[in-house]
$ cat run.txt   # compact mmCIF, C-alpha atoms and all ligand atoms
# COMPACT_ATOMS: atom_id res chain seq x y z
CA MET A 1 0.01 -4.00 36.65
CA ARG A 2 3.06 -6.20 37.35
CA VAL A 3 5.43 -5.39 40.21
CA TYR A 4 8.87 -6.87 39.61
CA LEU A 5 10.72 -7.39 42.90
CA ASP A 6 13.27 -9.97 41.80
CA HIS A 7 16.21 -7.85 40.69
CA ASN A 8 18.73 -10.16 42.36
CA SER A 9 17.68 -12.85 39.87
CA THR A 10 17.97 -10.54 36.92
CA THR A 11 17.30 -6.95 35.91
CA PRO A 12 15.59 -5.53 32.81
CA LEU A 13 18.04 -4.61 30.06
CA HIS A 14 18.71 -0.88 30.14
CA PRO A 15 17.50 0.79 26.89
CA ARG A 16 20.93 2.41 26.39
CA ALA A 17 22.62 -0.99 26.80
CA LEU A 18 20.22 -2.40 24.19
CA GLU A 19 21.10 0.50 21.87
CA GLU A 20 24.81 -0.40 22.19
CA MET A 21 24.04 -4.04 21.44
CA ARG A 22 22.07 -3.14 18.34
CA LYS A 23 24.95 -1.06 16.99
CA ILE A 24 27.23 -4.08 17.19
CA LEU A 25 24.70 -6.53 15.82
CA GLU A 26 23.67 -4.30 12.92
CA ARG A 27 26.79 -2.28 12.15
CA ASP A 28 30.09 -3.05 13.92
CA PHE A 29 29.89 -6.77 13.24
CA GLY A 30 33.64 -7.30 12.75
CA ASN A 31 35.75 -9.75 14.71
CA PRO A 32 37.86 -7.76 17.21
CA SER A 33 40.85 -10.02 16.41
CA SER A 34 40.79 -9.15 12.68
CA ILE A 35 43.25 -6.56 11.47
CA HIS A 36 41.04 -4.98 8.77
CA ARG A 37 38.93 -1.90 9.30
CA GLU A 38 35.78 -3.80 10.35
CA GLY A 39 37.82 -5.73 12.89
CA GLN A 40 39.47 -2.62 14.24
CA GLN A 41 36.12 -0.90 14.66
CA ALA A 42 34.92 -3.87 16.70
CA ARG A 43 38.22 -3.81 18.66
CA ARG A 44 37.61 -0.18 19.59
CA ALA A 45 34.15 -1.04 20.91
CA LEU A 46 35.67 -3.90 22.93
CA ASP A 47 38.40 -1.62 24.33
CA ARG A 48 35.83 1.01 25.33
CA ALA A 49 33.75 -1.59 27.16
CA ARG A 50 36.86 -2.88 28.92
CA MET A 51 37.69 0.65 30.09
CA ARG A 52 34.15 1.16 31.36
CA VAL A 53 34.03 -2.06 33.35
CA ALA A 54 37.54 -1.53 34.72
CA GLY A 55 36.77 2.10 35.61
CA PHE A 56 33.73 1.08 37.62
CA ILE A 57 35.75 -1.18 39.95
CA GLY A 58 39.02 0.76 40.16
CA ALA A 59 40.94 -1.66 37.91
CA THR A 60 43.00 -1.09 34.78
CA PRO A 61 41.58 -2.33 31.45
CA GLU A 62 44.32 -5.01 31.14
CA GLU A 63 43.07 -6.53 34.40
CA ILE A 64 39.63 -7.34 32.95
CA VAL A 65 38.91 -10.72 31.32
CA PHE A 66 35.50 -10.90 29.67
CA THR A 67 33.57 -14.13 30.24
CA SER A 68 30.08 -15.56 29.73
CA GLY A 69 28.91 -14.49 33.21
CA GLY A 70 29.22 -15.19 36.92
CA PRO A 71 29.88 -18.95 36.91
CA GLU A 72 32.57 -18.77 34.22
CA SER A 73 34.33 -15.90 36.00
CA ILE A 74 34.19 -17.83 39.26
CA ASP A 75 35.40 -21.01 37.58
CA LEU A 76 38.31 -19.21 35.90
CA GLY A 77 39.23 -17.46 39.15
CA ILE A 78 39.12 -20.49 41.42
CA ARG A 79 40.21 -23.28 39.08
CA GLY A 80 42.61 -20.95 37.30
CA VAL A 81 44.51 -20.59 40.60
CA ALA A 82 44.16 -24.30 41.39
CA GLY A 83 45.49 -25.14 37.91
CA ILE A 84 48.77 -23.42 38.72
CA HIS A 85 49.18 -25.85 41.66
CA SER A 86 47.81 -28.93 39.90
CA LYS A 87 50.85 -31.05 40.81
CA SER A 88 50.31 -30.52 44.55
CA PRO A 89 46.64 -30.00 45.47
CA GLY A 90 46.32 -27.65 48.41
CA HIS A 91 43.65 -26.01 50.53
CA VAL A 92 40.90 -23.46 49.84
CA VAL A 93 39.01 -21.35 52.38
CA THR A 94 35.50 -20.22 51.51
CA SER A 95 32.24 -19.46 53.32
CA SER A 96 29.14 -21.59 53.83
CA VAL A 97 26.85 -19.00 52.22
CA GLU A 98 28.47 -18.70 48.79
CA HIS A 99 26.49 -18.96 45.58
CA GLN A 100 26.22 -22.45 44.07
CA SER A 101 28.83 -21.47 41.47
CA VAL A 102 31.51 -21.17 44.16
CA LEU A 103 30.25 -24.10 46.23
CA SER A 104 30.14 -26.44 43.23
CA THR A 105 33.53 -25.32 41.93
CA CYS A 106 35.00 -26.04 45.38
CA LEU A 107 33.34 -29.48 45.33
CA CYS A 108 35.07 -30.19 42.01
CA LEU A 109 38.39 -29.26 43.61
CA GLU A 110 37.70 -31.62 46.51
CA GLN A 111 37.14 -34.42 44.02
CA SER A 112 40.63 -33.81 42.66
CA GLY A 113 42.32 -33.95 46.03
CA TRP A 114 42.01 -30.42 47.37
CA ARG A 115 40.84 -29.69 50.91
CA VAL A 116 38.13 -27.07 51.39
CA THR A 117 37.22 -25.25 54.61
CA ARG A 118 33.79 -23.63 54.60
CA VAL A 119 33.69 -20.98 57.30
CA GLY A 120 30.28 -20.65 58.94
CA VAL A 121 28.24 -17.49 59.46
CA ASP A 122 26.38 -15.91 62.37
CA GLY A 123 22.61 -15.49 62.65
CA GLU A 124 22.72 -12.50 60.29
CA GLY A 125 24.62 -14.38 57.56
CA MET A 126 27.92 -12.71 58.32
CA CYS A 127 31.20 -14.60 58.01
CA ASN A 128 33.68 -13.79 60.77
CA ALA A 129 36.90 -12.38 59.29
CA ARG A 130 38.97 -13.76 62.17
CA SER A 131 37.60 -17.28 61.64
CA ALA A 132 38.37 -17.04 57.93
CA ALA A 133 41.90 -15.82 58.69
CA ALA A 134 42.39 -18.61 61.26
CA ALA A 135 41.43 -21.20 58.65
CA ILE A 136 44.35 -20.17 56.42
CA GLY A 137 47.13 -22.76 56.68
CA ASP A 138 50.52 -23.34 55.12
CA ASP A 139 49.02 -25.17 52.13
CA THR A 140 46.17 -22.68 51.54
CA ARG A 141 46.32 -21.43 47.96
CA LEU A 142 43.08 -19.47 47.74
CA VAL A 143 40.46 -17.72 49.85
CA SER A 144 37.09 -17.06 48.18
CA VAL A 145 34.42 -15.07 50.02
CA MET A 146 31.52 -13.27 48.35
CA LEU A 147 31.13 -9.50 48.71
CA ALA A 148 27.35 -9.53 49.12
CA ASN A 149 25.04 -12.45 49.62
CA ASN A 150 22.41 -12.94 46.91
CA GLU A 151 19.64 -14.27 49.16
CA VAL A 152 19.82 -12.08 52.24
CA GLY A 153 22.06 -9.24 51.06
CA THR A 154 24.54 -9.53 53.95
CA LEU A 155 27.86 -7.83 53.19
CA GLN A 156 30.95 -9.86 54.04
CA PRO A 157 34.16 -8.45 55.56
CA VAL A 158 36.11 -9.07 52.34
CA ARG A 159 38.61 -6.27 52.96
CA GLU A 160 39.72 -7.83 56.27
CA ILE A 161 39.76 -11.33 54.81
CA ALA A 162 41.79 -10.20 51.78
CA ALA A 163 44.31 -8.48 54.09
CA ALA A 164 44.75 -11.68 56.10
CA ALA A 165 45.20 -13.67 52.89
CA ARG A 166 47.76 -11.21 51.55
CA GLU A 167 49.76 -11.41 54.77
CA ARG A 168 50.07 -15.17 54.23
CA GLY A 169 50.80 -14.84 50.51
CA VAL A 170 47.43 -16.40 49.62
CA VAL A 171 45.34 -15.32 46.61
CA CYS A 172 41.92 -13.83 47.44
CA HIS A 173 38.89 -14.09 45.14
CA SER A 174 35.53 -12.44 45.76
CA ASP A 175 32.22 -13.11 44.03
CA ALA A 176 30.90 -9.56 43.56
CA VAL A 177 28.07 -10.51 41.20
CA GLN A 178 25.36 -9.14 43.53
CA ALA A 179 27.38 -6.21 44.82
CA LEU A 180 28.10 -4.38 41.57
CA GLY A 181 25.87 -1.33 41.14
CA LYS A 182 24.44 -1.67 44.66
CA ILE A 183 27.44 -0.89 46.88
CA PRO A 184 30.79 0.69 45.96
CA VAL A 185 33.13 -1.96 44.55
CA ASP A 186 36.78 -0.95 44.46
CA VAL A 187 39.38 -3.67 43.94
CA GLN A 188 42.17 -1.51 45.37
CA GLY A 189 40.29 -0.71 48.57
CA LEU A 190 39.19 -4.33 48.94
CA GLY A 191 42.68 -5.67 48.27
CA VAL A 192 41.39 -8.70 46.37
CA ASP A 193 43.33 -10.41 43.57
CA LEU A 194 40.32 -11.77 41.69
CA LEU A 195 36.74 -10.50 41.48
CA SER A 196 33.79 -11.98 39.57
CA LEU A 197 31.05 -9.92 37.88
CA SER A 198 27.92 -10.57 35.80
CA ALA A 199 26.30 -8.05 33.43
CA HIS A 200 22.62 -8.89 33.83
CA LYS A 201 22.48 -7.97 37.52
CA LEU A 202 22.82 -4.26 36.75
CA GLY A 203 20.94 -3.60 33.52
CA GLY A 204 23.24 -5.46 31.14
CA PRO A 205 22.36 -8.57 29.13
CA LYS A 206 22.53 -12.20 30.22
CA GLY A 207 25.56 -14.21 29.15
CA ALA A 208 28.25 -11.58 29.67
CA GLY A 209 30.50 -11.09 32.66
CA ALA A 210 34.05 -10.37 33.69
CA LEU A 211 36.80 -11.53 35.96
CA TYR A 212 39.15 -8.95 37.43
CA VAL A 213 42.67 -10.41 37.59
CA ARG A 214 45.22 -8.36 39.51
CA ARG A 215 48.18 -7.44 37.32
CA GLY A 216 50.92 -10.08 37.51
CA LEU A 217 48.68 -12.83 38.92
CA GLU A 218 49.19 -16.07 37.05
CA LEU A 219 46.10 -18.11 36.10
CA ALA A 220 45.83 -21.39 34.24
CA PRO A 221 43.36 -20.73 31.38
CA ARG A 222 40.22 -22.87 31.31
CA LEU A 223 39.41 -22.38 27.62
CA HIS A 224 42.12 -23.03 25.06
CA GLY A 225 42.57 -22.45 21.37
CA GLY A 226 42.75 -18.69 20.94
CA LEU A 227 44.69 -15.71 22.18
CA GLN A 228 41.68 -13.56 23.03
CA GLU A 229 41.64 -11.77 26.40
CA SER A 230 45.46 -11.81 26.44
CA GLY A 231 45.48 -15.60 26.28
CA ARG A 232 43.43 -15.94 29.45
CA ARG A 233 40.12 -16.94 27.83
CA ALA A 234 40.01 -18.34 24.31
CA GLY A 235 37.00 -17.68 22.08
CA THR A 236 35.73 -14.81 19.94
CA GLU A 237 34.33 -12.30 22.39
CA ASN A 238 30.56 -11.89 22.84
CA LEU A 239 30.86 -8.32 21.63
CA PRO A 240 27.15 -7.33 21.73
CA GLY A 241 26.93 -8.55 25.33
CA ILE A 242 30.24 -6.99 26.32
CA VAL A 243 29.53 -3.51 24.93
CA ALA A 244 26.13 -3.55 26.62
CA PHE A 245 27.83 -4.61 29.87
CA GLY A 246 30.23 -1.68 29.45
CA MET A 247 27.33 0.73 28.97
CA ALA A 248 25.47 -0.73 31.96
CA CYS A 249 28.56 -0.13 34.12
CA GLU A 250 28.96 3.40 32.80
CA LEU A 251 25.31 4.24 33.56
CA ALA A 252 25.46 2.57 36.98
CA ARG A 253 28.59 4.59 37.75
CA GLN A 254 26.98 7.88 36.70
CA GLN A 255 23.74 7.22 38.60
CA PHE A 256 25.20 5.30 41.52
CA GLU A 257 24.16 7.73 44.28
CA ASP A 258 20.62 8.21 42.94
CA HIS A 259 20.04 4.52 42.32
CA THR A 260 21.35 3.26 45.63
CA ARG A 261 19.43 5.94 47.54
CA LEU A 262 16.22 5.08 45.68
CA MET A 263 16.60 1.33 46.24
CA ALA A 264 17.32 1.82 49.95
CA THR A 265 14.34 4.16 50.37
CA LEU A 266 11.96 1.74 48.67
CA ARG A 267 13.32 -1.32 50.47
CA ASP A 268 13.22 0.37 53.88
CA ARG A 269 9.67 1.63 53.35
CA PHE A 270 8.64 -1.85 52.17
CA GLU A 271 10.03 -3.49 55.32
CA ARG A 272 8.66 -0.82 57.68
CA GLU A 273 5.13 -0.85 56.30
CA LEU A 274 5.02 -4.60 55.86
CA HIS A 275 5.89 -5.06 59.52
CA GLU A 276 3.11 -2.60 60.44
CA ARG A 277 0.52 -4.34 58.26
CA VAL A 278 1.38 -8.04 58.59
CA GLU A 279 1.80 -9.95 61.81
CA GLY A 280 4.17 -12.84 62.36
CA ILE A 281 6.92 -11.78 60.00
CA SER A 282 10.59 -11.05 60.50
CA THR A 283 13.40 -9.87 58.28
CA ASN A 284 16.27 -12.32 57.90
CA GLY A 285 19.65 -10.65 58.26
CA ALA A 286 18.16 -7.32 59.36
CA GLY A 287 20.91 -6.83 61.94
CA ALA A 288 23.72 -7.00 59.40
CA GLU A 289 25.08 -4.46 57.00
CA ARG A 290 23.10 -5.35 53.89
CA LEU A 291 22.70 -4.54 50.22
CA PRO A 292 20.35 -1.55 49.93
CA ASN A 293 17.88 -3.43 47.68
CA THR A 294 17.40 -6.82 49.31
CA SER A 295 14.73 -7.92 51.74
CA ASN A 296 14.45 -11.52 52.91
CA ILE A 297 11.23 -11.96 54.87
CA MET A 298 10.13 -14.92 56.95
CA PHE A 299 6.34 -15.40 57.08
CA SER A 300 5.88 -17.58 60.18
CA GLY A 301 3.83 -20.70 59.63
CA LEU A 302 3.25 -20.10 55.91
CA ASP A 303 4.46 -22.16 52.97
CA GLY A 304 6.79 -19.88 51.00
CA GLU A 305 6.18 -21.66 47.68
CA ALA A 306 2.40 -21.27 47.98
CA LEU A 307 2.89 -17.62 48.87
CA LEU A 308 5.24 -17.13 45.95
CA MET A 309 2.90 -18.69 43.39
CA ASN A 310 -0.08 -16.71 44.64
CA LEU A 311 1.94 -13.51 44.63
CA ASP A 312 2.80 -14.18 41.00
CA LEU A 313 -0.87 -14.72 40.15
CA MET A 314 -1.64 -11.41 41.84
CA GLY A 315 1.05 -9.59 39.86
CA VAL A 316 4.04 -9.55 42.21
CA ALA A 317 7.29 -11.27 41.18
CA ALA A 318 9.52 -12.33 44.08
CA SER A 319 11.75 -15.30 44.78
CA SER A 320 12.02 -18.15 47.27
CA ALA A 321 15.82 -18.45 47.31
CA SER A 322 18.38 -17.88 44.63
CA ALA A 323 16.96 -18.17 41.11
CA CYS A 324 19.40 -20.99 40.42
CA THR A 325 17.84 -23.33 42.98
CA ALA A 326 14.24 -22.12 42.55
CA GLY A 327 11.73 -24.81 41.75
CA ARG A 328 13.97 -27.63 42.90
CA ASP A 329 12.54 -27.94 46.40
CA GLU A 330 15.94 -27.25 47.88
CA ARG A 331 16.19 -25.64 51.26
CA SER A 332 18.21 -22.44 51.19
CA HIS A 333 21.71 -23.34 52.38
CA VAL A 334 22.17 -19.67 53.26
CA LEU A 335 19.23 -19.50 55.68
CA GLN A 336 20.18 -22.89 57.10
CA ALA A 337 23.74 -21.69 57.70
CA MET A 338 22.23 -18.71 59.54
CA GLY A 339 20.55 -21.15 61.92
CA LEU A 340 16.97 -21.03 60.66
CA THR A 341 14.94 -24.22 61.05
CA ASP A 342 13.66 -26.09 57.97
CA GLU A 343 10.22 -24.65 58.57
CA GLN A 344 11.54 -21.09 58.87
CA THR A 345 13.64 -21.56 55.76
CA LEU A 346 10.64 -22.73 53.76
CA SER A 347 8.59 -19.76 54.98
CA SER A 348 11.08 -17.18 53.73
CA LEU A 349 10.87 -15.13 50.53
CA ARG A 350 13.26 -12.70 48.91
CA PHE A 351 12.13 -9.33 47.54
CA SER A 352 14.81 -7.43 45.66
CA PHE A 353 14.39 -3.89 44.36
CA GLY A 354 15.96 -2.13 41.39
CA PRO A 355 16.25 1.41 40.07
CA THR A 356 13.20 0.87 37.84
CA ASN A 357 10.93 0.38 40.88
CA ASP A 358 8.94 3.25 42.39
CA ASP A 359 6.73 4.09 45.36
CA ASP A 360 3.62 2.71 43.65
CA ASP A 361 5.33 -0.68 43.37
CA VAL A 362 5.92 -0.70 47.12
CA THR A 363 2.34 0.32 47.87
CA ARG A 364 0.94 -2.36 45.55
CA ALA A 365 3.29 -5.10 46.80
CA ILE A 366 2.36 -4.41 50.43
CA GLU A 367 -1.36 -4.47 49.62
CA VAL A 368 -1.06 -7.76 47.78
CA ILE A 369 1.13 -9.42 50.41
CA ALA A 370 -1.08 -8.28 53.29
CA GLU A 371 -4.22 -9.56 51.55
CA LEU A 372 -2.63 -12.86 50.59
CA VAL A 373 -1.08 -13.56 53.99
CA GLY A 374 -4.45 -12.82 55.62
CA ARG A 375 -6.19 -15.21 53.22
CA LEU A 376 -3.64 -18.03 53.61
CA ARG A 377 -3.64 -17.69 57.39
CA SER A 378 -7.43 -17.82 57.59
CA CYS A 379 -7.40 -20.96 55.36
CA GLU A 380 -4.94 -22.58 57.75
CA ASP A 381 -7.04 -21.55 60.78
CA ALA A 382 -10.07 -23.13 59.11
CA HIS A 383 -8.11 -26.40 58.73
CA ASP A 384 -7.03 -26.43 62.38
N1 LIG B 401 27.16 -15.34 42.13
C1 LIG B 401 26.13 -14.75 42.74
C2 LIG B 401 26.32 -14.18 44.12
C3 LIG B 401 24.89 -14.67 42.12
O1 LIG B 401 23.86 -14.10 42.75
C4 LIG B 401 24.74 -15.23 40.82
C5 LIG B 401 23.43 -15.20 40.14
O2 LIG B 401 22.41 -15.08 40.74
C6 LIG B 401 25.86 -15.83 40.22
C7 LIG B 401 27.05 -15.86 40.91
C8 LIG B 401 25.75 -16.45 38.87
O3 LIG B 401 25.91 -15.50 37.84
P1 LIG B 401 25.07 -15.57 36.48
O4 LIG B 401 23.74 -14.97 36.77
O5 LIG B 401 25.89 -14.77 35.52
O6 LIG B 401 24.92 -17.00 36.09

$ encode --input "run.txt" --output "structure tokens"
Amino acid sequence: MRVYLDHNSTTPLHPRALEEMRKILERDFGNPSSIHREGQQARRALDRARMRVAGFIGATPEEIVFTSGGPESIDLGIRGVAGIHSKSPGHVVTSSVEHQSVLSTCLCLEQSGWRVTRVGVDGEGMCNARSAAAAIGDDTRLVSVMLANNEVGTLQPVREIAAAARERGVVCHSDAVQALGKIPVDVQGLGVDLLSLSAHKLGGPKGAGALYVRRGLELAPRLHGGLQESGRRAGTENLPGIVAFGMACELARQQFEDHTRLMATLRDRFERELHERVEGISTNGAGAERLPNTSNIMFSGLDGEALLMNLDLMGVAASSASACTAGRDERSHVLQAMGLTDEQTLSSLRFSFGPTNDDDDVTRAIEVIAELVGRLRSCEDAHD
């Protein structure tokens, strides 16, 4: 029996999302830009998906630009704003715990003359809204702070940060890739201008995503050569992926209460019982408001990679940091920003739950972890 506890890396495709994809692949194969009947049928499927995604985040359909996933949405949001100011590079405020997509995009901006301020976080991974607001200067063009952290789950005060940005006439982007389907995401309540999403984090397929662009906000397109997505993103739309994304959003919206309650119950039981059974562990970011599904555990004195590989052999899938840096022997910049030592960082693992998990998964995972930690610790004692 496998226990999959890595839903922040990716989630299984929901069967209803797969069904939608199949319909497009097998039947509604038309190009949504074509004016004939096949094209119009495909256009209707695209419009329905746009309504579903928009409806789930409190946006209007015209405010949704479909993309190939999180990084492209983030790139279009950040560099699309920067492109408007390309003649006079300015300043960007972001946080030190962003996903690599945001960090790397900001690095690219720095290479073309922009200044970037990375606001630090406290010991729970939380960015201080007042520090972010204080970093906004006269030449700041953009603030980009994630809604929920992918490694620890810490929720950031995006509403307060967006309000401070608005007061100064500065555009605010938020990477909501990990938040969608796990906490309420409402662009009006948040007051953001741009918001990035990815389908495969909530039961949709990989390679589809969206950028919310507040009505009236000007963006410099990144892909040229077609008028798709109202001229904001050229290229024939990935219709199978997009319709499945739409269905995933619709299902997540309908089952939001049940799913978030289930994930929180499983995660909380996992943490409670693990702390009872295993000594020398602590939960990173436990003091912060967190995603209901994410648990980042530090196993004092143990090598996280060895633990991870043995867990996999024993049937439990977890993660050492974000999936994007896994296997590259990189220390988690998130845990480091929270003040953990190198050793503590390398002893930490992420377990992330999803609506397909159940109580038996928690029971099994705890058994396996307790046995493994006991075994690894006794090996280390024997070496001492
Ligand atoms: N942003 C965050 C916070 C993420 O967790 C991820 C993926 O893990 C991404 C962006 C990248 O999105 P994608 O999985 O579509 O490449």

$ residues_near_ligand --input "run.txt" --ligand "ligand LIG 401 (chain B)" --cutoff "9 Å" --atoms "only C-alpha atoms and all ligand atoms" --output "count of residues only"
39

$ residues_around --input "run.txt" --residues "Phe29 (chain A)" --least-positions-apart "5" --cutoff "9 Å" --atoms "only C-alpha atoms" --output "list of chain:residue names"
A:Lys23, A:Ile24, A:Glu38, A:Gly39, A:Gln41, A:Ala42, A:Leu239, A:Pro240

$ closest_residue --input "run.txt" --among "A:Ala370, A:Leu307, A:Val362, A:Ala220" --to "Leu266 (chain A)" --atoms "only C-alpha atoms"
A:Val362

$ residues_around --input "run.txt" --residues "region 155-158 of chain A" --least-positions-apart "5" --cutoff "9 Å" --atoms "only C-alpha atoms" --output "PDB file with C-alpha atoms, in the coordinates of the input"
ATOM      1  CA  GLY A 125      24.620 -14.380  57.560  1.00  0.00           C
ATOM      2  CA  MET A 126      27.920 -12.710  58.320  1.00  0.00           C
ATOM      3  CA  CYS A 127      31.200 -14.600  58.010  1.00  0.00           C
ATOM      4  CA  ASN A 128      33.680 -13.790  60.770  1.00  0.00           C
ATOM      5  CA  ALA A 129      36.900 -12.380  59.290  1.00  0.00           C
ATOM      6  CA  VAL A 145      34.420 -15.070  50.020  1.00  0.00           C
ATOM      7  CA  MET A 146      31.520 -13.270  48.350  1.00  0.00           C
ATOM      8  CA  LEU A 147      31.130  -9.500  48.710  1.00  0.00           C
ATOM      9  CA  ALA A 148      27.350  -9.530  49.120  1.00  0.00           C
ATOM     10  CA  ASN A 149      25.040 -12.450  49.620  1.00  0.00           C
ATOM     11  CA  ALA A 163      44.310  -8.480  54.090  1.00  0.00           C
ATOM     12  CA  CYS A 172      41.920 -13.830  47.440  1.00  0.00           C
ATOM     13  CA  SER A 174      35.530 -12.440  45.760  1.00  0.00           C
ATOM     14  CA  ALA A 179      27.380  -6.210  44.820  1.00  0.00           C
ATOM     15  CA  LEU A 190      39.190  -4.330  48.940  1.00  0.00           C
ATOM     16  CA  GLY A 191      42.680  -5.670  48.270  1.00  0.00           C
ATOM     17  CA  VAL A 192      41.390  -8.700  46.370  1.00  0.00           C
ATOM     18  CA  ALA A 288      23.720  -7.000  59.400  1.00  0.00           C
ATOM     19  CA  GLU A 289      25.080  -4.460  57.000  1.00  0.00           C
ATOM     20  CA  ARG A 290      23.100  -5.350  53.890  1.00  0.00           C
ATOM     21  CA  LEU A 291      22.700  -4.540  50.220  1.00  0.00           C
TER      22      LEU A 291
END

$ closest_atom_pairs --input "run.txt" --of "region 105-132 of chain A" --to "region 332-339 of chain A" --cutoff "8 Å" --atoms "all atoms listed in the file" --output "tab-separated table"
residue	atom	partner	partner_atom	distance
A:Gly120	CA	A:Ala337	CA	6.7
A:Val121	CA	A:Met338	CA	6.1
A:Asp122	CA	A:Met338	CA	5.8
A:Gly123	CA	A:Met338	CA	4.5
A:Glu124	CA	A:Met338	CA	6.3
A:Gly125	CA	A:Met338	CA	5.3

$ residues_near_point --input "run.txt" --point "(39.0, -3.5, 23.0)" --cutoff "12 Å" --atoms "only C-alpha atoms" --output "NGL selection string"
:A and (31-34 or 39-54 or 61-62 or 64-66 or 228-230 or 237-239 or 242-243 or 246)

$ residues_around --input "run.txt" --residues "His7 (chain A)" --least-positions-apart "3" --cutoff "7 Å" --atoms "all atoms listed in the file" --output "compact mmCIF listing (two decimals) with C-alpha atoms, in the coordinates of the input"
# COMPACT_ATOMS: atom_id res chain seq x y z
CA THR A 10 17.97 -10.54 36.92
CA THR A 11 17.30 -6.95 35.91
CA SER A 352 14.81 -7.43 45.66
CA PHE A 353 14.39 -3.89 44.36
CA GLY A 354 15.96 -2.13 41.39

$ closest_residue --input "run.txt" --among "A:Pro292, A:Gly304, A:Gly241, A:Gly287" --to "Phe270 (chain A)" --atoms "only C-alpha atoms"
A:Pro292

$ closest_residue --input "run.txt" --among "A:Val187, A:Ala59, A:Val116, A:Ala82" --to "Ala135 (chain A)" --atoms "all atoms listed in the file"
A:Val116

$ atom_distance --input "run.txt" --atom1 "CA of Asp193 (chain A)" --atom2 "CA of Ala162 (chain A)"
8.4 Å

$ atom_distance --input "run.txt" --atom1 "CA of Leu262 (chain A)" --atom2 "CA of Ile281 (chain A)"
24.0 Å

$ residues_near_point --input "run.txt" --point "(30.1, -19.7, 53.8)" --cutoff "6 Å" --atoms "only C-alpha atoms" --output "list in words"
Thr94, Ser95, Ser96, Val97, Glu98, Arg118, Val119 and Gly120 of chain A

$ closest_residue --input "run.txt" --among "A:Arg27, A:His173, A:Lys182, A:Arg115" --to "Val213 (chain A)" --atoms "only C-alpha atoms"
A:His173

$ atom_distance --input "run.txt" --atom1 "CA of Val93 (chain A)" --atom2 "CA of Val143 (chain A)"
4.7 Å

$ closest_residue --input "run.txt" --among "A:Ala17, A:Ile57, A:Ala248, A:Ile35" --to "Gly189 (chain A)" --atoms "all atoms listed in the file"
A:Ile57

$ closest_residue --input "run.txt" --among "A:Ile78, A:Leu211, A:Ile366, A:Leu194" --to "Met314 (chain A)" --atoms "all atoms listed in the file"
A:Ile366

$ residues_around --input "run.txt" --residues "Met1 (chain A)" --least-positions-apart "3" --cutoff "10 Å" --atoms "only C-alpha atoms" --output "PyMOL selection string"
chain A and resi 4+314-316+361+364

$ decode --input "run.txt" --residues "region 220-229 of chain A" --atoms "N, CA, C and O atoms" --output "CSV table (one decimal), in the first residue's frame"
chain,number,residue,atom,x,y,z
A,220,ALA,N,2.7,44.1,-20.5
A,220,ALA,CA,3.4,43.8,-21.8
A,220,ALA,C,3.4,42.3,-22.0
A,220,ALA,O,3.9,41.6,-21.2
A,221,PRO,N,2.8,41.9,-23.1
A,221,PRO,CA,2.8,40.4,-23.4
A,221,PRO,C,4.2,39.8,-23.4
A,221,PRO,O,5.1,40.5,-23.8
A,222,ARG,N,4.3,38.6,-23.1
A,222,ARG,CA,5.6,37.9,-23.1
A,222,ARG,C,5.7,37.0,-24.4
A,222,ARG,O,6.8,36.7,-24.8
A,223,LEU,N,4.5,36.5,-24.8
A,223,LEU,CA,4.5,35.7,-26.0
A,223,LEU,C,3.8,36.5,-27.1
A,223,LEU,O,2.7,37.0,-26.9
A,224,HIS,N,4.3,36.5,-28.3
A,224,HIS,CA,3.8,37.3,-29.4
A,224,HIS,C,3.4,36.4,-30.6
A,224,HIS,O,3.8,35.3,-30.7
A,225,GLY,N,2.5,37.0,-31.4
A,225,GLY,CA,2.2,36.2,-32.7
A,225,GLY,C,0.9,35.7,-32.7
A,225,GLY,O,0.6,34.8,-33.6
A,226,GLY,N,0.0,36.1,-31.9
A,226,GLY,CA,-1.4,35.6,-31.9
A,226,GLY,C,-2.3,36.5,-31.0
A,226,GLY,O,-1.7,37.1,-30.0
A,227,LEU,N,-3.5,36.5,-31.3
A,227,LEU,CA,-4.4,37.3,-30.5
A,227,LEU,C,-5.2,36.6,-29.4
A,227,LEU,O,-6.1,37.1,-28.8
A,228,GLN,N,-4.7,35.3,-29.1
A,228,GLN,CA,-5.4,34.5,-28.1
A,228,GLN,C,-5.4,35.3,-26.8
A,228,GLN,O,-4.5,36.1,-26.5
A,229,GLU,N,-6.3,34.9,-25.9
A,229,GLU,CA,-6.3,35.5,-24.5
A,229,GLU,C,-6.3,37.0,-24.6
A,229,GLU,O,-5.6,37.7,-23.8
